[in-house]
$ cat final26.txt   # compact mmCIF, C-alpha atoms
# COMPACT_ATOMS: atom_id res chain seq x y z
CA MET A 6 -7.15 42.43 -11.69
CA ALA A 7 -7.80 46.04 -10.77
CA LYS A 8 -7.58 45.46 -7.02
CA THR A 9 -7.16 42.64 -4.56
CA HIS A 10 -10.29 40.57 -4.02
CA LYS A 11 -11.44 40.11 -0.43
CA LEU A 12 -11.32 36.31 -0.75
CA ASP A 13 -7.87 36.01 -2.29
CA GLY A 14 -6.33 35.06 1.10
CA THR A 15 -8.49 31.93 1.44
CA GLY A 16 -6.24 28.95 1.98
CA LEU A 17 -5.10 26.04 4.10
CA GLY A 18 -2.08 25.78 6.37
CA LEU A 19 -1.13 22.65 8.28
CA ASP A 20 1.66 21.04 10.28
CA THR A 21 1.79 17.23 10.25
CA ALA A 22 3.92 14.15 10.78
CA LEU A 23 2.85 12.78 7.37
CA SER A 24 5.57 12.56 4.73
CA ALA A 25 5.86 14.97 1.82
CA GLU A 26 4.91 12.14 -0.54
CA ASP A 27 1.79 11.42 1.57
CA LEU A 28 0.74 15.08 1.32
CA ARG A 29 1.41 15.13 -2.42
CA GLY A 30 -0.77 12.05 -2.89
CA ILE A 31 -3.58 13.53 -0.79
CA CYS A 32 -3.58 16.69 -2.92
CA LEU A 33 -3.54 14.76 -6.21
CA ARG A 34 -6.48 12.63 -5.09
CA ALA A 35 -8.48 15.63 -3.79
CA ALA A 36 -8.12 17.64 -7.04
CA PRO A 37 -10.43 15.50 -9.25
CA GLN A 38 -12.93 15.07 -6.37
CA ALA A 39 -13.49 18.82 -5.97
CA THR A 40 -15.91 19.68 -8.77
CA GLY A 41 -18.51 22.03 -7.27
CA THR A 42 -22.29 21.68 -7.73
CA LEU A 43 -24.84 22.38 -10.44
CA TRP A 44 -26.28 25.13 -8.22
CA GLN A 45 -23.00 26.93 -7.52
CA GLY A 46 -21.18 25.93 -10.69
CA MET A 47 -19.04 23.02 -11.86
CA HIS A 48 -15.27 23.38 -12.39
CA LYS A 49 -12.31 21.05 -12.80
CA ILE A 50 -8.98 21.23 -11.01
CA LYS A 51 -5.93 19.88 -12.83
CA LEU A 52 -2.25 19.71 -11.95
CA ALA A 53 -0.35 22.11 -14.22
CA ARG A 54 3.22 21.52 -13.00
CA GLU A 55 5.28 20.56 -9.96
CA SER A 56 8.85 20.94 -8.75
CA ASP A 57 10.73 20.79 -5.42
CA GLY A 58 7.69 20.51 -3.16
CA LEU A 59 5.55 22.96 -5.17
CA LEU A 60 2.32 21.80 -6.84
CA VAL A 61 0.59 24.29 -9.15
CA PHE A 62 -3.08 23.61 -9.97
CA GLU A 63 -5.32 25.28 -12.56
CA MET A 64 -9.05 25.62 -13.20
CA PRO A 65 -9.26 25.84 -17.00
CA ALA A 66 -12.15 27.56 -18.75
CA LEU A 67 -13.93 26.23 -21.85
CA ILE A 68 -11.29 28.06 -23.85
CA LYS A 69 -8.28 26.17 -22.52
CA VAL A 70 -5.82 29.05 -22.80
CA ILE A 71 -7.91 30.93 -20.20
CA LYS A 72 -7.42 29.93 -16.57
CA GLN A 73 -10.27 30.74 -14.18
CA MET A 74 -8.00 30.22 -11.18
CA ILE A 75 -4.40 29.23 -10.51
CA PHE A 76 -3.37 28.18 -7.01
CA SER A 77 -0.29 26.53 -5.54
CA VAL A 78 0.45 24.07 -2.75
CA ARG A 79 3.85 24.41 -1.07
CA ILE A 80 5.14 21.45 1.02
CA THR A 81 8.21 22.02 3.22
CA ASP A 82 10.19 19.99 5.78
CA SER A 83 10.87 21.04 9.36
CA GLY A 84 12.71 18.31 11.26
CA ASP A 85 10.42 15.29 11.60
CA ARG A 86 7.32 17.22 10.48
CA ARG A 87 6.02 18.71 7.25
CA GLN A 88 4.19 21.98 6.60
CA LEU A 89 1.70 22.67 3.79
CA LEU A 90 0.44 26.08 2.69
CA THR A 91 -1.87 26.94 -0.21
CA THR A 92 -1.93 30.25 -2.07
CA ILE A 93 -4.24 31.68 -4.75
CA ASN A 94 -1.88 32.95 -7.44
CA ASP A 95 -4.35 34.25 -10.04
CA TYR A 96 -8.12 34.33 -10.53
CA MET A 97 -10.99 35.65 -12.62
CA THR A 98 -14.03 37.55 -11.34
CA THR A 99 -17.55 38.18 -12.60
CA GLN A 100 -19.95 41.04 -11.78
CA GLN A 101 -23.58 41.78 -12.53
CA MET A 102 -24.05 44.77 -14.86
CA LEU A 103 -26.96 47.04 -15.71
CA LEU A 104 -27.09 48.07 -19.36
CA SER A 105 -23.84 46.14 -19.85
CA PHE A 106 -21.67 48.79 -18.17
CA ILE A 107 -23.14 49.80 -14.77
CA PRO A 108 -22.02 47.43 -11.98
CA ILE A 109 -24.91 46.52 -9.65
CA GLY A 110 -23.37 43.77 -7.54
CA PRO A 111 -20.14 42.71 -5.86
CA ARG A 112 -17.34 41.04 -7.78
CA GLN A 113 -17.47 37.26 -7.48
CA MET A 114 -14.34 35.11 -7.61
CA VAL A 115 -14.88 32.37 -10.20
CA GLY A 116 -14.44 28.86 -8.77
CA HIS A 117 -13.80 29.96 -5.17
CA HIS A 118 -16.31 27.38 -3.85
CA VAL A 119 -14.50 24.57 -5.73
CA TYR A 120 -11.16 25.72 -4.31
CA VAL A 121 -12.69 25.64 -0.81
CA GLU A 122 -14.01 22.12 -1.47
CA PHE A 123 -10.44 21.05 -2.40
CA LEU A 124 -9.08 22.60 0.83
CA GLN A 125 -11.72 20.85 2.94
CA LEU A 126 -10.96 17.47 1.33
CA VAL A 127 -7.22 17.85 1.97
CA ALA A 128 -7.76 19.02 5.57
CA LYS A 129 -10.22 16.21 6.33
CA THR A 130 -7.91 13.52 4.91
CA VAL A 131 -4.88 14.81 6.83
CA ARG A 132 -6.84 14.91 10.10
CA GLU A 133 -8.00 11.31 9.56
CA ALA A 134 -4.47 10.10 8.78
CA ASP A 135 -2.63 12.07 11.51
CA ALA A 136 -4.33 12.86 14.82
CA SER A 137 -1.41 15.14 15.77
CA ALA A 138 -1.85 17.40 12.73
CA ALA A 139 -2.52 21.11 13.28
CA VAL A 140 -4.93 22.38 10.63
CA ARG A 141 -5.80 26.01 9.94
CA LEU A 142 -8.40 26.75 7.26
CA GLU A 143 -8.95 30.43 6.40
CA ILE A 144 -12.18 31.24 4.53
CA GLY A 145 -13.84 34.62 4.25
CA PRO A 146 -13.27 38.30 3.49
CA ASN A 147 -9.81 39.62 4.29
CA GLN A 148 -8.56 36.36 5.82
CA ARG A 149 -5.01 35.19 5.16
CA ALA A 150 -3.85 31.57 5.19
CA SER A 151 -0.87 30.68 7.38
CA ILE A 152 0.80 27.60 8.85
CA PRO A 153 -0.44 26.95 12.42
CA ARG A 154 2.09 27.00 15.23
CA THR A 155 3.14 23.58 16.54
CA ALA A 156 1.88 24.49 20.01
CA GLN A 157 -1.64 24.82 18.68
CA ARG A 158 -1.83 21.08 18.10
CA ALA A 159 -2.19 20.47 21.83
CA GLN A 160 -5.07 22.92 22.29
CA PRO A 161 -8.50 21.28 22.72
CA ALA A 162 -10.91 21.91 19.90
CA PRO A 163 -13.67 24.36 20.84
CA ALA A 164 -17.13 22.84 21.00
CA SER A 165 -19.50 23.78 18.20
CA PRO A 166 -23.26 23.97 18.75
CA PRO A 167 -25.31 21.46 16.72
CA LEU A 168 -27.10 22.76 13.65
CA ALA A 169 -30.87 22.82 13.41
CA GLU A 170 -32.31 20.61 10.68
CA ASP A 171 -34.05 23.56 9.03
CA SER A 172 -30.99 25.80 8.94
CA PRO A 173 -27.99 23.99 7.39
CA GLU A 174 -24.66 25.80 7.51
CA PRO A 175 -24.11 27.51 4.13
CA LEU A 176 -20.94 27.14 2.13
CA PRO A 177 -18.66 30.23 2.10
CA SER A 178 -19.82 32.77 -0.46
CA ASP A 179 -17.76 33.48 -3.55
CA THR A 180 -18.78 37.15 -3.37
CA ASP A 181 -16.41 39.96 -2.60
CA GLY A 182 -18.40 40.98 0.48
CA GLY A 183 -18.96 44.65 1.15
CA GLU A 184 -20.19 46.87 3.93
CA GLY A 185 -21.34 44.76 6.86
CA ALA A 186 -19.72 41.58 5.59
CA THR A 187 -18.74 39.33 8.50
CA PRO A 188 -15.29 37.69 8.24
CA VAL A 189 -15.17 33.95 8.76
CA ALA A 190 -12.80 33.27 11.63
CA SER A 191 -10.02 30.71 11.33
CA VAL A 192 -10.63 27.49 13.27
CA ASP A 193 -8.03 24.87 14.22
CA VAL A 194 -10.47 21.96 14.31
CA PRO A 195 -11.47 19.09 11.99
CA ILE A 196 -13.42 20.24 8.94
CA GLU A 197 -16.39 17.84 9.32
CA GLN A 198 -19.81 19.45 9.78
CA PRO A 199 -21.33 19.04 13.30
CA SER A 200 -23.72 16.09 13.41
CA ILE A 201 -27.45 16.43 14.12
CA PRO A 202 -28.17 15.34 17.72
CA THR A 203 -29.82 11.92 18.02
CA PRO A 204 -32.91 11.60 20.26
CA ALA A 205 -32.23 9.76 23.49
CA VAL A 206 -33.38 6.12 23.59
CA ASP A 207 -33.80 4.07 26.75
CA VAL A 208 -31.60 1.00 26.49
CA PRO A 209 -32.00 -1.78 29.05
CA ALA A 210 -28.85 -2.38 31.10
CA GLN A 211 -26.84 -5.45 30.24
CA PRO A 212 -26.40 -7.84 33.17
CA GLU A 213 -22.85 -8.27 34.37
CA GLY A 214 -21.11 -11.18 32.72
CA ASP A 215 -23.33 -11.10 29.64
CA ILE A 216 -21.27 -12.74 26.90
CA ASP A 217 -23.03 -10.66 24.23
CA ARG A 218 -21.98 -7.36 25.81
CA THR A 219 -20.39 -4.89 23.34
CA VAL A 220 -16.74 -4.19 24.16
CA ALA A 221 -14.98 -0.96 23.14
CA VAL A 222 -11.89 -1.54 21.02
CA GLN A 223 -9.30 0.75 19.49
CA SER A 224 -9.83 1.71 15.85
CA ARG A 225 -7.45 -0.11 13.54
CA PRO A 226 -5.22 1.95 11.26
CA ARG A 227 -6.05 2.16 7.57
CA ARG A 228 -4.07 2.15 4.36
CA THR A 229 -4.90 2.83 0.74
CA HIS A 230 -5.15 -0.28 -1.42
CA TRP A 231 -4.73 -0.09 -5.20
CA GLU A 232 -5.71 -2.38 -8.05
CA VAL A 233 -5.87 -2.20 -11.84
CA VAL A 234 -8.82 -3.57 -13.79
CA ASP A 235 -9.23 -4.32 -17.52
CA ASP A 236 -12.39 -4.15 -19.66
CA ASP A 237 -13.21 -7.80 -18.96
CA GLY A 238 -13.17 -7.24 -15.20
CA THR A 239 -9.83 -8.99 -14.63
CA THR A 240 -8.33 -7.39 -11.52
CA VAL A 241 -4.67 -7.14 -10.52
CA SER A 242 -4.14 -6.27 -6.85
CA VAL A 243 -1.00 -4.15 -6.37
CA GLU A 244 0.54 -5.37 -3.11
CA GLN A 245 4.17 -4.91 -4.19
CA ARG A 246 5.94 -3.88 -7.39
CA THR A 247 4.20 -5.82 -10.15
CA VAL A 248 5.45 -6.37 -13.71
CA LEU A 249 2.65 -6.24 -16.31
CA GLY A 250 2.79 -7.76 -19.79
CA ARG A 251 1.93 -10.68 -22.07
CA ALA A 252 4.73 -12.84 -20.59
CA PRO A 253 6.18 -10.75 -17.75
CA ARG A 254 9.37 -11.54 -15.88
CA ALA A 255 10.18 -10.21 -12.40
CA LEU A 256 12.90 -7.56 -12.22
CA GLY A 257 13.81 -8.30 -8.59
CA ALA A 258 13.37 -10.98 -5.96
CA ASP A 259 10.45 -9.17 -4.28
CA ASP A 260 8.52 -8.43 -7.48
CA SER A 261 5.31 -10.09 -8.56
CA VAL A 262 4.10 -10.54 -12.14
CA ALA A 263 0.66 -10.31 -13.76
CA VAL A 264 -0.27 -11.40 -17.27
CA VAL A 265 -2.37 -8.72 -18.99
CA GLY A 266 -3.29 -8.33 -22.66
CA ALA A 267 -2.21 -11.89 -23.40
CA GLU A 268 -3.92 -11.76 -26.80
CA ASP A 269 -3.02 -8.15 -27.61
CA SER A 270 0.12 -7.93 -29.74
CA SER A 271 0.56 -4.22 -28.89
CA VAL A 272 1.54 -5.24 -25.34
CA SER A 273 5.18 -6.19 -24.76
CA ASN A 274 6.19 -9.29 -22.79
CA SER A 275 7.38 -7.15 -19.86
CA HIS A 276 5.65 -3.88 -20.65
CA ALA A 277 5.50 -1.82 -17.42
CA THR A 278 5.49 -1.99 -13.63
CA VAL A 279 2.93 -0.68 -11.13
CA GLU A 280 3.72 -0.08 -7.47
CA VAL A 281 2.42 1.86 -4.47
CA LYS A 282 4.57 4.42 -2.67
CA ALA A 283 3.21 6.37 0.32
CA GLY A 284 -0.34 5.47 -0.64
CA GLN A 285 0.03 6.62 -4.28
CA LEU A 286 0.03 4.36 -7.34
CA PHE A 287 2.87 4.77 -9.86
CA VAL A 288 3.45 3.22 -13.30
CA THR A 289 6.83 2.87 -15.00
CA ASP A 290 7.33 1.95 -18.64
CA LEU A 291 10.01 -0.71 -19.21
CA GLY A 292 11.07 0.43 -22.66
CA SER A 293 8.10 -1.23 -24.33
CA THR A 294 7.63 -1.22 -28.10
CA ASN A 295 4.38 0.76 -28.14
CA GLY A 296 4.87 2.79 -24.96
CA THR A 297 2.79 3.52 -21.88
CA SER A 298 0.58 6.52 -21.14
CA VAL A 299 -1.73 7.69 -18.35
CA LEU A 300 -5.08 9.33 -19.14
CA GLY A 301 -6.45 11.14 -16.06
CA VAL A 302 -10.11 11.65 -15.23
CA ASP A 303 -9.62 15.30 -16.22
CA GLY A 304 -8.76 14.21 -19.78
CA ARG A 305 -5.08 15.07 -19.43
CA GLU A 306 -2.73 12.53 -21.05
CA ARG A 307 0.84 11.94 -19.91
CA VAL A 308 3.21 9.79 -21.97
CA CYS A 309 5.60 7.80 -19.80
CA THR A 310 9.31 8.17 -20.38
CA PRO A 311 10.89 4.69 -20.05
CA GLY A 312 12.26 4.20 -16.54
CA GLU A 313 10.40 7.22 -15.06
CA ALA A 314 7.65 6.58 -12.47
CA ILE A 315 4.40 8.46 -13.22
CA ALA A 316 1.70 8.98 -10.57
CA VAL A 317 -1.70 7.51 -11.42
CA GLY A 318 -4.90 8.92 -9.90
CA ASP A 319 -8.00 6.98 -8.90
CA GLY A 320 -10.07 6.26 -12.01
CA ALA A 321 -7.24 7.09 -14.42
CA ALA A 322 -6.59 4.85 -17.43
CA ILE A 323 -3.21 3.16 -17.92
CA GLU A 324 -2.67 2.46 -21.62
CA LEU A 325 -0.19 -0.30 -22.47
CA GLY A 326 0.00 0.10 -26.24
CA ALA A 327 -3.63 -0.32 -27.30
CA TYR A 328 -4.56 -2.21 -24.13
CA THR A 329 -6.25 -0.31 -21.28
CA LEU A 330 -6.33 -0.82 -17.52
CA VAL A 331 -8.18 1.40 -15.04
CA ALA A 332 -6.67 2.25 -11.63
CA ARG A 333 -8.92 1.90 -8.57
CA SER A 334 -8.20 2.73 -4.93
CA HIS A 335 -10.02 2.09 -1.68
CA VAL A 336 -9.15 2.23 2.01
CA ARG A 337 -8.59 -0.95 3.98
CA ARG A 338 -8.22 -1.43 7.71
CA ILE A 339 -4.89 -2.95 8.74
CA ARG A 340 -5.48 -6.06 10.85

$ encode --input "final26.txt" --output "structure tokens"
Amino acid sequence: MAKTHKLDGTGLGLDTALSAEDLRGICLRAAPQATGTLWQGMHKIKLARESDGLLVFEMPALIKVIKQMIFSVRITDSGDRRQLLTTINDYMTTQQMLLSFIPIGPRQMVGHHVYVEFLQLVAKTVREADASAAVRLEIGPNQRASIPRTAQRAQPAPASPPLAEDSPEPLPSDTDGGEGATPVASVDVPIEQPSIPTPAVDVPAQPEGDIDRTVAVQSRPRRTHWEVVDDDGTTVSVEQRTVLGRAPRALGADDSVAVVGAEDSSVSNSHATVEVKAGQLFVTDLGSTNGTSVLGVDGRERVCTPGEAIAVGDGAAIELGAYTLVARSHVRRIR
């Protein structure tokens, strides 16, 4: 890169009561969901490596040794709260040329819109899970991501005017900007787009004592529920640590067991366990004969080391020998 791009400071900073494992799971689930559009371009985000609260993600090009963007997510502890900050570490740019050597347009950061989509998904999920979270999303020329101060959590969110139906709010541009470019200010509010106002409707008043009157209630908390499904549609709900295999035996008093691949000789009697920790599904190989591997939706395969828990994303395939299960997640309200 010859010089710093005007969008290279785009990022997300937040302060939350969620655990580090919760934040890790939110990031891992947001990565495969952020893909871009046919109009702006499609890209994939994959986890390259992680260590000590640092997640490094890549956007690979068609030639896999080339990375269109590399960005990191740093999660740190501060007392009873956690902080998250994202940083663009490396990127590629494109530029329109006349006669193949005369630049006629601004440099565009490849995949910037997909990176922003990832940030918005993470911010939205954190806000839904933790009402006390302080979220600061920086998008635009010469902005710089930072962790919001704790005091900012108590500030009321500024009201935003509704959008007209014929003028939807555009996504941030991937372009470098230039003379007259207007920076996008940082906003410590939820990421959701303002809703279109609904026309007023006259509703007849309910008489007092009407037994059919609607009563306001508090929203119930939610939690992520996981299950694994085989090709025949057989579903195993993962409520606690569950031992999978042709003739599985529980490892502890609180374990459950599920018979899978009963007619598949590549599956061991007690092949692997699946369990949910902080909303994330994990699989652990139990020293099986033919091993266990996880094939993510991005095509990346991870072979499980016996005894080591491996995170499994939504839609990923869990291969027990030659037998395949697919992980599924959905949100349930807690009664």

$ atom_distance --input "final26.txt" --atom1 "CA of Arg54 in chain A" --atom2 "CA of Ala327 in chain A"
27.0 Å

$ closest_residue --input "final26.txt" --among "A:Lys49, A:Lys11, A:Arg112, A:His118" --to "Asp303 in chain A" --atoms "all atoms listed in the file"
A:Lys49

$ atom_distance --input "final26.txt" --atom1 "CA of Glu26 in chain A" --atom2 "CA of Gly284 in chain A"
8.5 Å

$ closest_residue --input "final26.txt" --among "A:Thr15, A:Ser137, A:Thr40, A:Thr294" --to "Ser151 in chain A" --atoms "only C-alpha atoms"
A:Thr15

$ atom_distance --input "final26.txt" --atom1 "CA of Ala321 in chain A" --atom2 "CA of Leu17 in chain A"
26.6 Å

$ axis_aligned_box --input "final26.txt" --around "range 71-86 of chain A" --padding-each-side "3 Å" --output "AutoDock Vina command-line options"
--center_x 1.2 --center_y 23.1 --center_z -4.3 --size_x 29.0 --size_y 21.6 --size_z 37.8

$ closest_residue --input "final26.txt" --among "A:Gly16, A:Pro253, A:Gly116, A:Pro37" --to "Ile152 in chain A" --atoms "all atoms listed in the file"
A:Gly16
